[in-house]
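Data first, discussion second: the structure below is written as structure tokens.
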There are 2 protein chains.
Amino acid sequence: MKGQEARGEEPSSGTVATRRLRRRLDSEARILAAAEQIFAETGFSGATTAMIAAKARLPKANVHYYFRTKRQLYRAVLQRILEAWLASGDGIRAEADPATAFTDYISAKMEASRRQPYASKVFANEILHGAPEVDDYLRDQVHRWVQEKARVIDRWVAEGRMRPVDAPHLFFVLWAATQTYADFDCQMRAVLKRRRLTPGDYAAGAALITRMVLGACGIRTGNGADRRRVTQGPDRRA
Amino acid sequence: MKGQEARGEEPSSGTVATRRLRRRLDSEARILAAAEQIFAETGFSGATTAMIAAKARLPKANVHYYFRTKRQLYRAVLQRILEAWLASGDGIRAEADPATAFTDYISAKMEASRRQPYASKVFANEILHGAPEVDDYLRDQVHRWVQEKARVIDRWVAEGRMRPVDAPHLFFVLWAATQTYADFDCQMRAVLKRRRLTPGDYAAGAALITRMVLGACGIRTGNGADRRRVTQGPDRRA
DNA sequence: GCTCAATCTGACCAAATGGTCAACTTTGTC
DNA sequence: GACAAAGTTGACCATTTGGTCAGATTGAGC
């Protein structure tokens, strides 16, 4: 009648993957993947444990065996997402080159929108409805993350490597711009009359966003770091 | 047993606001306003007609009298939102000055995020879950709107008034950047440790987004059109 | 003031849904 | 191979919720 306690702990012997453990990890992974997709498509309230169970190809009662409640399952899904969320900004360090750092960060964010659209959507839905489950996480971890990155940016500014910008707002806008390629893909597909967004669409978005950010930061890309992504004609300033 | 048929039609005599009509319009308006807020806060599935009725201070059955089903009420809410949605881009015309047009458009979008956050959230939620109710609207009206604006932009480009940009993507990013101030305000408040976003926050966002867009479009703002909104130091290009 | 349609509403219902449980099977361990 | 713990699952239940309805009330037109 329990089992959740063991989640995340490896057996003392390390890598002895017993049949039981392997199966449990597989079931949990299947449930989490199914839940992520269902939560992304329908939101928390719209999702039913029956839908998730069906997608994971398990009986509903089994889902409730691994994750006591729908809310607990939802939190587990969110946690995985949040862990990956901030890791992508590791390249923004004082020692780094601003142009490269921003370009790479935008690339990574765009890639995330392309490869893990469900994760982005679940997160977007959570925030959209007031972040009932991750509010403290935002206040704590994300706040620290932004402060840290803001310090890096302010230092770049002080060193004359870029124009002054409001760093938190830069991130807000940057997140919105990149994540919209996951969250609102439906709108883009409809407007562009595409059945699916193409790699070219993501490339065009990344190029545009990079140009916008570097432009706003007054960063000249002398090394042509982003040239390979630019689909439009070259810079032709007078 | 009916009544919806009369919605939107004025009585033949024009402005003879009978007690009955006045009351009906008032009730409908109250229900729509309540519904917009509830749908924004909880999404379609999360909202209950009981919640909406309570917020509108009407018995639930009365809500169902004016709007037969929850879905119909939801569609009515969406329709109002969509109508206001595109009107804000009227300033983007070939005769206009690109710098002014973009600056004003961003201002208007930002103002909408500030003044009608619920509308933005309802719309975001709808798109996020695959636009089940407005898919054809996107394919039709919004598609046409984007095409039209893209023509204007392409003409500005041809006239050498701005660098070439991918117009549809420019709008996608621009919408995301401005609407995030409504949709994700919760995240911003948490990160900035504010109880509410201040006018200054919206101004900073608008200034940054304007700078980004104009920067990406290679538009120099010789007339200082956006200077009054810029909070950071002036342009100091070498 | 009478009539009728529009409006209002408390009470009610069927369906959906999160969650439980008891019985059953499988697996690890001694 | 026996025992206990972990895992599995069909059946079940209480609650929520969208929607209905019959009867009461009110306002407009005459």
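Identifiers for the structure tokens are assigned positionally: chains receive A, B, ... in sequence, residues are indexed from 1 per chain, and ligands are indexed from 1 in the order shown.
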Problem - Long-range neighbours of segment 13-29 of chain D as a PyMOL selection string, 10 Å cut-off, only C-alpha atoms (C1' of nucleotides), 2 positions minimum in chain - result: (chain B and resi 18-20+48-50+61+64+68-70) or (chain C and resi 3-9+11-20) or (chain D and resi 11)
Mobile chain A placed on reference chain B by ordered C-alpha fit, as a JSON list (two decimals) with C-alpha atoms, in the first residue's frame:
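The result, stored in superposed-v1.json:
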[["chain", "number", "residue", "atom", "x", "y", "z"],
["A", 1, "MET", "CA", -37.16, 29.04, -22.64],
["A", 2, "LYS", "CA", -35.20, 31.06, -25.13],
["A", 3, "GLY", "CA", -33.72, 34.50, -25.15],
["A", 4, "GLN", "CA", -30.34, 34.01, -26.70],
["A", 5, "GLU", "CA", -31.84, 34.73, -30.10],
["A", 6, "ALA", "CA", -32.36, 38.33, -29.13],
["A", 7, "ARG", "CA", -28.76, 38.89, -28.09],
["A", 8, "GLY", "CA", -27.05, 41.60, -30.06],
["A", 9, "GLU", "CA", -30.23, 42.83, -31.74],
["A", 10, "GLU", "CA", -31.50, 46.21, -30.72],
["A", 11, "PRO", "CA", -35.23, 46.72, -30.45],
["A", 12, "SER", "CA", -36.69, 48.19, -33.61],
["A", 13, "SER", "CA", -37.24, 51.53, -31.94],
["A", 14, "GLY", "CA", -33.50, 52.07, -31.52],
["A", 15, "THR", "CA", -32.67, 53.48, -28.12],
["A", 16, "VAL", "CA", -35.84, 52.73, -26.19],
["A", 17, "ALA", "CA", -34.11, 51.08, -23.29],
["A", 18, "THR", "CA", -36.94, 49.24, -21.67],
["A", 19, "ARG", "CA", -36.44, 48.05, -18.15],
["A", 20, "ARG", "CA", -36.30, 44.51, -19.45],
["A", 21, "LEU", "CA", -33.67, 45.18, -22.10],
["A", 22, "ARG", "CA", -31.53, 47.19, -19.76],
["A", 23, "ARG", "CA", -31.64, 44.44, -17.21],
["A", 24, "ARG", "CA", -30.84, 41.78, -19.73],
["A", 25, "LEU", "CA", -27.85, 43.66, -21.07],
["A", 26, "ASP", "CA", -26.67, 44.24, -17.54],
["A", 27, "SER", "CA", -26.99, 40.57, -16.64],
["A", 28, "GLU", "CA", -25.24, 39.44, -19.80],
["A", 29, "ALA", "CA", -22.44, 41.90, -19.21],
["A", 30, "ARG", "CA", -22.04, 40.79, -15.62],
["A", 31, "ILE", "CA", -21.97, 37.15, -16.64],
["A", 32, "LEU", "CA", -19.47, 37.77, -19.42],
["A", 33, "ALA", "CA", -17.19, 39.74, -17.13],
["A", 34, "ALA", "CA", -17.37, 37.12, -14.42],
["A", 35, "ALA", "CA", -16.81, 34.35, -16.93],
["A", 36, "GLU", "CA", -13.79, 36.09, -18.41],
["A", 37, "GLN", "CA", -12.17, 36.33, -15.03],
["A", 38, "ILE", "CA", -12.98, 32.78, -13.99],
["A", 39, "PHE", "CA", -11.90, 31.30, -17.31],
["A", 40, "ALA", "CA", -8.68, 33.30, -17.08],
["A", 41, "GLU", "CA", -7.93, 32.10, -13.59],
["A", 42, "THR", "CA", -8.87, 28.45, -13.97],
["A", 43, "GLY", "CA", -9.12, 27.66, -17.67],
["A", 44, "PHE", "CA", -12.15, 26.22, -19.36],
["A", 45, "SER", "CA", -12.19, 22.87, -17.60],
["A", 46, "GLY", "CA", -11.27, 24.34, -14.26],
["A", 47, "ALA", "CA", -14.09, 26.82, -14.34],
["A", 48, "THR", "CA", -17.51, 25.82, -13.07],
["A", 49, "THR", "CA", -20.73, 27.52, -13.94],
["A", 50, "ALA", "CA", -21.37, 27.79, -10.22],
["A", 51, "MET", "CA", -18.20, 29.85, -9.78],
["A", 52, "ILE", "CA", -19.17, 32.14, -12.62],
["A", 53, "ALA", "CA", -22.69, 32.52, -11.31],
["A", 54, "ALA", "CA", -21.41, 33.35, -7.85],
["A", 55, "LYS", "CA", -19.03, 35.98, -9.21],
["A", 56, "ALA", "CA", -21.81, 37.48, -11.30],
["A", 57, "ARG", "CA", -24.07, 37.31, -8.24],
["A", 58, "LEU", "CA", -26.78, 35.39, -10.04],
["A", 59, "PRO", "CA", -28.24, 31.94, -9.53],
["A", 60, "LYS", "CA", -26.60, 29.30, -11.64],
["A", 61, "ALA", "CA", -29.82, 28.57, -13.50],
["A", 62, "ASN", "CA", -29.91, 32.19, -14.58],
["A", 63, "VAL", "CA", -26.52, 31.92, -16.17],
["A", 64, "HIS", "CA", -27.79, 28.94, -18.11],
["A", 65, "TYR", "CA", -30.80, 30.94, -19.13],
["A", 66, "TYR", "CA", -28.64, 33.51, -20.92],
["A", 67, "PHE", "CA", -25.99, 31.13, -22.18],
["A", 68, "ARG", "CA", -27.30, 27.65, -22.73],
["A", 69, "THR", "CA", -24.06, 25.82, -22.07],
["A", 70, "LYS", "CA", -20.72, 26.52, -20.50],
["A", 71, "ARG", "CA", -19.11, 26.09, -23.88],
["A", 72, "GLN", "CA", -21.43, 28.64, -25.45],
["A", 73, "LEU", "CA", -20.60, 31.12, -22.71],
["A", 74, "TYR", "CA", -16.92, 30.43, -23.27],
["A", 75, "ARG", "CA", -17.28, 31.09, -26.97],
["A", 76, "ALA", "CA", -19.07, 34.35, -26.26],
["A", 77, "VAL", "CA", -16.19, 35.42, -24.02],
["A", 78, "LEU", "CA", -13.68, 34.46, -26.69],
["A", 79, "GLN", "CA", -15.52, 36.31, -29.39],
["A", 80, "ARG", "CA", -15.38, 39.60, -27.53],
["A", 81, "ILE", "CA", -11.68, 39.11, -26.97],
["A", 82, "LEU", "CA", -10.95, 38.23, -30.56],
["A", 83, "GLU", "CA", -12.77, 41.26, -31.88],
["A", 84, "ALA", "CA", -10.55, 43.57, -29.88],
["A", 85, "TRP", "CA", -7.49, 41.52, -30.69],
["A", 86, "LEU", "CA", -6.70, 42.67, -34.20],
["A", 87, "ALA", "CA", -8.03, 46.19, -34.07],
["A", 88, "SER", "CA", -4.89, 47.25, -32.23],
["A", 89, "GLY", "CA", -2.75, 46.89, -35.36],
["A", 90, "ASP", "CA", -4.49, 49.57, -37.35],
["A", 91, "GLY", "CA", -1.48, 51.85, -37.14],
["A", 92, "ILE", "CA", 0.64, 49.51, -39.23],
["A", 93, "ARG", "CA", -0.05, 51.02, -42.65],
["A", 94, "ALA", "CA", 2.23, 51.62, -45.58],
["A", 95, "GLU", "CA", 1.87, 55.39, -45.26],
["A", 96, "ALA", "CA", 2.90, 55.35, -41.62],
["A", 97, "ASP", "CA", 6.38, 55.84, -40.26],
["A", 98, "PRO", "CA", 7.81, 52.42, -39.31],
["A", 99, "ALA", "CA", 9.37, 53.60, -36.07],
["A", 100, "THR", "CA", 6.17, 55.26, -34.93],
["A", 101, "ALA", "CA", 3.99, 52.40, -36.09],
["A", 102, "PHE", "CA", 5.96, 49.75, -34.23],
["A", 103, "THR", "CA", 6.36, 51.89, -31.15],
["A", 104, "ASP", "CA", 2.66, 52.60, -30.99],
["A", 105, "TYR", "CA", 1.70, 49.00, -31.68],
["A", 106, "ILE", "CA", 3.92, 47.75, -28.88],
["A", 107, "SER", "CA", 2.53, 50.42, -26.60],
["A", 108, "ALA", "CA", -1.01, 49.38, -27.39],
["A", 109, "LYS", "CA", -0.25, 45.69, -26.87],
["A", 110, "MET", "CA", 1.42, 46.46, -23.59],
["A", 111, "GLU", "CA", -1.47, 48.58, -22.47],
["A", 112, "ALA", "CA", -3.81, 45.73, -23.32],
["A", 113, "SER", "CA", -1.76, 43.36, -21.18],
["A", 114, "ARG", "CA", -2.00, 45.81, -18.34],
["A", 115, "ARG", "CA", -5.65, 46.73, -18.59],
["A", 116, "GLN", "CA", -7.19, 43.47, -19.78],
["A", 117, "PRO", "CA", -5.03, 40.74, -18.38],
["A", 118, "TYR", "CA", -7.98, 38.35, -18.11],
["A", 119, "ALA", "CA", -8.69, 38.60, -21.81],
["A", 120, "SER", "CA", -5.11, 37.82, -22.63],
["A", 121, "LYS", "CA", -5.08, 34.85, -20.31],
["A", 122, "VAL", "CA", -8.26, 33.35, -21.66],
["A", 123, "PHE", "CA", -6.86, 33.63, -25.15],
["A", 124, "ALA", "CA", -3.51, 32.19, -24.11],
["A", 125, "ASN", "CA", -5.21, 29.26, -22.47],
["A", 126, "GLU", "CA", -7.29, 28.60, -25.55],
["A", 127, "ILE", "CA", -4.26, 28.57, -27.85],
["A", 128, "LEU", "CA", -2.17, 26.61, -25.39],
["A", 129, "HIS", "CA", -4.65, 23.76, -25.56],
["A", 130, "GLY", "CA", -4.82, 23.63, -29.30],
["A", 131, "ALA", "CA", -7.36, 26.37, -30.05],
["A", 132, "PRO", "CA", -10.31, 23.98, -30.17],
["A", 133, "GLU", "CA", -12.77, 26.85, -30.44],
["A", 134, "VAL", "CA", -10.88, 29.43, -32.49],
["A", 135, "ASP", "CA", -8.86, 27.36, -34.88],
["A", 136, "ASP", "CA", -10.80, 28.47, -37.93],
["A", 137, "TYR", "CA", -10.61, 32.06, -36.75],
["A", 138, "LEU", "CA", -6.82, 31.82, -36.66],
["A", 139, "ARG", "CA", -6.67, 30.23, -40.09],
["A", 140, "ASP", "CA", -8.98, 32.83, -41.50],
["A", 141, "GLN", "CA", -8.96, 36.25, -39.90],
["A", 142, "VAL", "CA", -5.60, 36.22, -38.19],
["A", 143, "HIS", "CA", -3.92, 34.69, -41.21],
["A", 144, "ARG", "CA", -5.29, 37.48, -43.39],
["A", 145, "TRP", "CA", -4.26, 40.09, -40.85],
["A", 146, "VAL", "CA", -0.69, 38.82, -40.77],
["A", 147, "GLN", "CA", -0.49, 38.63, -44.54],
["A", 148, "GLU", "CA", -1.70, 42.19, -44.84],
["A", 149, "LYS", "CA", 0.76, 43.50, -42.28],
["A", 150, "ALA", "CA", 3.54, 41.48, -43.84],
["A", 151, "ARG", "CA", 2.87, 43.24, -47.13],
["A", 152, "VAL", "CA", 3.20, 46.59, -45.41],
["A", 153, "ILE", "CA", 6.45, 45.57, -43.81],
["A", 154, "ASP", "CA", 7.83, 44.17, -47.04],
["A", 155, "ARG", "CA", 7.02, 47.45, -48.68],
["A", 156, "TRP", "CA", 8.86, 49.36, -45.97],
["A", 157, "VAL", "CA", 11.79, 47.07, -46.62],
["A", 158, "ALA", "CA", 11.62, 47.64, -50.35],
["A", 159, "GLU", "CA", 11.60, 51.37, -49.74],
["A", 160, "GLY", "CA", 14.76, 51.02, -47.71],
["A", 161, "ARG", "CA", 13.05, 52.21, -44.56],
["A", 162, "MET", "CA", 14.05, 49.11, -42.59],
["A", 163, "ARG", "CA", 16.09, 45.95, -42.85],
["A", 164, "PRO", "CA", 14.41, 42.83, -44.17],
["A", 165, "VAL", "CA", 12.75, 40.74, -41.49],
["A", 166, "ASP", "CA", 10.53, 37.71, -41.47],
["A", 167, "ALA", "CA", 7.28, 39.54, -40.78],
["A", 168, "PRO", "CA", 5.15, 36.67, -39.45],
["A", 169, "HIS", "CA", 7.84, 35.65, -36.99],
["A", 170, "LEU", "CA", 8.28, 39.25, -35.97],
["A", 171, "PHE", "CA", 4.63, 39.31, -34.98],
["A", 172, "PHE", "CA", 4.79, 35.96, -33.23],
["A", 173, "VAL", "CA", 7.66, 37.14, -31.10],
["A", 174, "LEU", "CA", 6.13, 40.55, -30.56],
["A", 175, "TRP", "CA", 2.84, 39.07, -29.39],
["A", 176, "ALA", "CA", 4.62, 36.72, -27.08],
["A", 177, "ALA", "CA", 6.82, 39.46, -25.63],
["A", 178, "THR", "CA", 3.95, 41.82, -24.88],
["A", 179, "GLN", "CA", 1.36, 39.29, -23.80],
["A", 180, "THR", "CA", 3.73, 37.64, -21.41],
["A", 181, "TYR", "CA", 3.20, 40.72, -19.23],
["A", 182, "ALA", "CA", -0.38, 39.59, -18.79],
["A", 183, "ASP", "CA", -0.11, 35.82, -19.06],
["A", 184, "PHE", "CA", 2.98, 35.31, -16.92],
["A", 185, "ASP", "CA", 2.63, 38.26, -14.58],
["A", 186, "CYS", "CA", 2.59, 35.78, -11.75],
["A", 187, "GLN", "CA", 6.11, 34.66, -12.63],
["A", 188, "MET", "CA", 7.37, 38.22, -12.92],
["A", 189, "ARG", "CA", 5.86, 39.20, -9.61],
["A", 190, "ALA", "CA", 7.48, 36.23, -7.95],
["A", 191, "VAL", "CA", 10.89, 36.87, -9.49],
["A", 192, "LEU", "CA", 10.78, 40.62, -8.90],
["A", 193, "LYS", "CA", 9.31, 40.14, -5.42],
["A", 194, "ARG", "CA", 6.48, 42.52, -6.12],
["A", 195, "ARG", "CA", 2.94, 42.21, -4.96],
["A", 196, "ARG", "CA", 1.83, 43.80, -8.21],
["A", 197, "LEU", "CA", 3.55, 44.83, -11.40],
["A", 198, "THR", "CA", 4.07, 48.59, -11.38],
["A", 199, "PRO", "CA", 3.51, 51.03, -14.25],
["A", 200, "GLY", "CA", 7.29, 51.21, -14.34],
["A", 201, "ASP", "CA", 7.50, 47.49, -15.06],
["A", 202, "TYR", "CA", 5.22, 47.80, -18.05],
["A", 203, "ALA", "CA", 7.15, 50.86, -19.21],
["A", 204, "ALA", "CA", 10.44, 49.02, -18.89],
["A", 205, "GLY", "CA", 9.03, 46.10, -20.85],
["A", 206, "ALA", "CA", 7.64, 48.31, -23.57],
["A", 207, "ALA", "CA", 10.91, 50.20, -23.84],
["A", 208, "LEU", "CA", 12.93, 47.02, -24.07],
["A", 209, "ILE", "CA", 10.65, 45.37, -26.61],
["A", 210, "THR", "CA", 10.56, 48.52, -28.70],
["A", 211, "ARG", "CA", 14.33, 48.72, -28.65],
["A", 212, "MET", "CA", 14.55, 45.06, -29.62],
["A", 213, "VAL", "CA", 12.12, 45.36, -32.50],
["A", 214, "LEU", "CA", 13.50, 48.60, -33.87],
["A", 215, "GLY", "CA", 16.99, 47.22, -33.43],
["A", 216, "ALA", "CA", 16.20, 44.05, -35.33],
["A", 217, "CYS", "CA", 14.56, 46.11, -38.05],
["A", 218, "GLY", "CA", 17.57, 48.39, -38.23],
["A", 219, "ILE", "CA", 15.42, 51.44, -37.57],
["A", 220, "ARG", "CA", 17.15, 54.47, -36.09],
["A", 221, "THR", "CA", 14.82, 56.57, -33.99],
["A", 222, "GLY", "CA", 15.94, 60.02, -34.97],
["A", 223, "ASN", "CA", 12.81, 61.66, -33.64],
["A", 224, "GLY", "CA", 13.24, 60.35, -30.12],
["A", 225, "ALA", "CA", 9.78, 58.82, -30.30],
["A", 226, "ASP", "CA", 10.61, 56.21, -27.71],
["A", 227, "ARG", "CA", 12.98, 58.22, -25.58],
["A", 228, "ARG", "CA", 10.34, 59.08, -23.02],
["A", 229, "ARG", "CA", 9.83, 55.38, -22.35],
["A", 230, "VAL", "CA", 13.45, 54.43, -22.09],
["A", 231, "THR", "CA", 14.40, 53.92, -18.48],
["A", 232, "GLN", "CA", 17.96, 52.87, -19.06],
["A", 233, "GLY", "CA", 20.73, 55.19, -20.09],
["A", 234, "PRO", "CA", 20.76, 56.71, -23.54],
["A", 235, "ASP", "CA", 22.13, 55.05, -26.61],
["A", 236, "ARG", "CA", 25.85, 55.19, -26.48],
["A", 237, "ARG", "CA", 27.03, 53.52, -29.64],
["A", 238, "ALA", "CA", 30.68, 54.01, -30.40]]
Problem - d(atom C1' of DT9 of chain D, atom C1' of DT29 of chain C) in Å - result: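 Separating atom C1' of DT9 of chain D from atom C1' of DT29 of chain C is a distance of 25.8 Å.
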Problem - Residues of chain D within 10 Å of chain A, counting only C-alpha atoms (C1' of nucleotides), as a PyMOL selection string - result: chain D and resi 6-10
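Residues of segment 79-113 of chain A carrying a DSSP assignment of helix (DSSP H, G or I), computed from the backbone, are A:Gln79, A:Arg80, A:Ile81, A:Leu82, A:Glu83, A:Ala84, A:Trp85, A:Leu86, A:Ala87, A:Pro98, A:Ala99, A:Thr100, A:Ala101, A:Phe102, A:Thr103, A:Asp104, A:Tyr105, A:Ile106, A:Ser107, A:Ala108, A:Lys109, A:Met110, A:Glu111, A:Ala112, A:Ser113.
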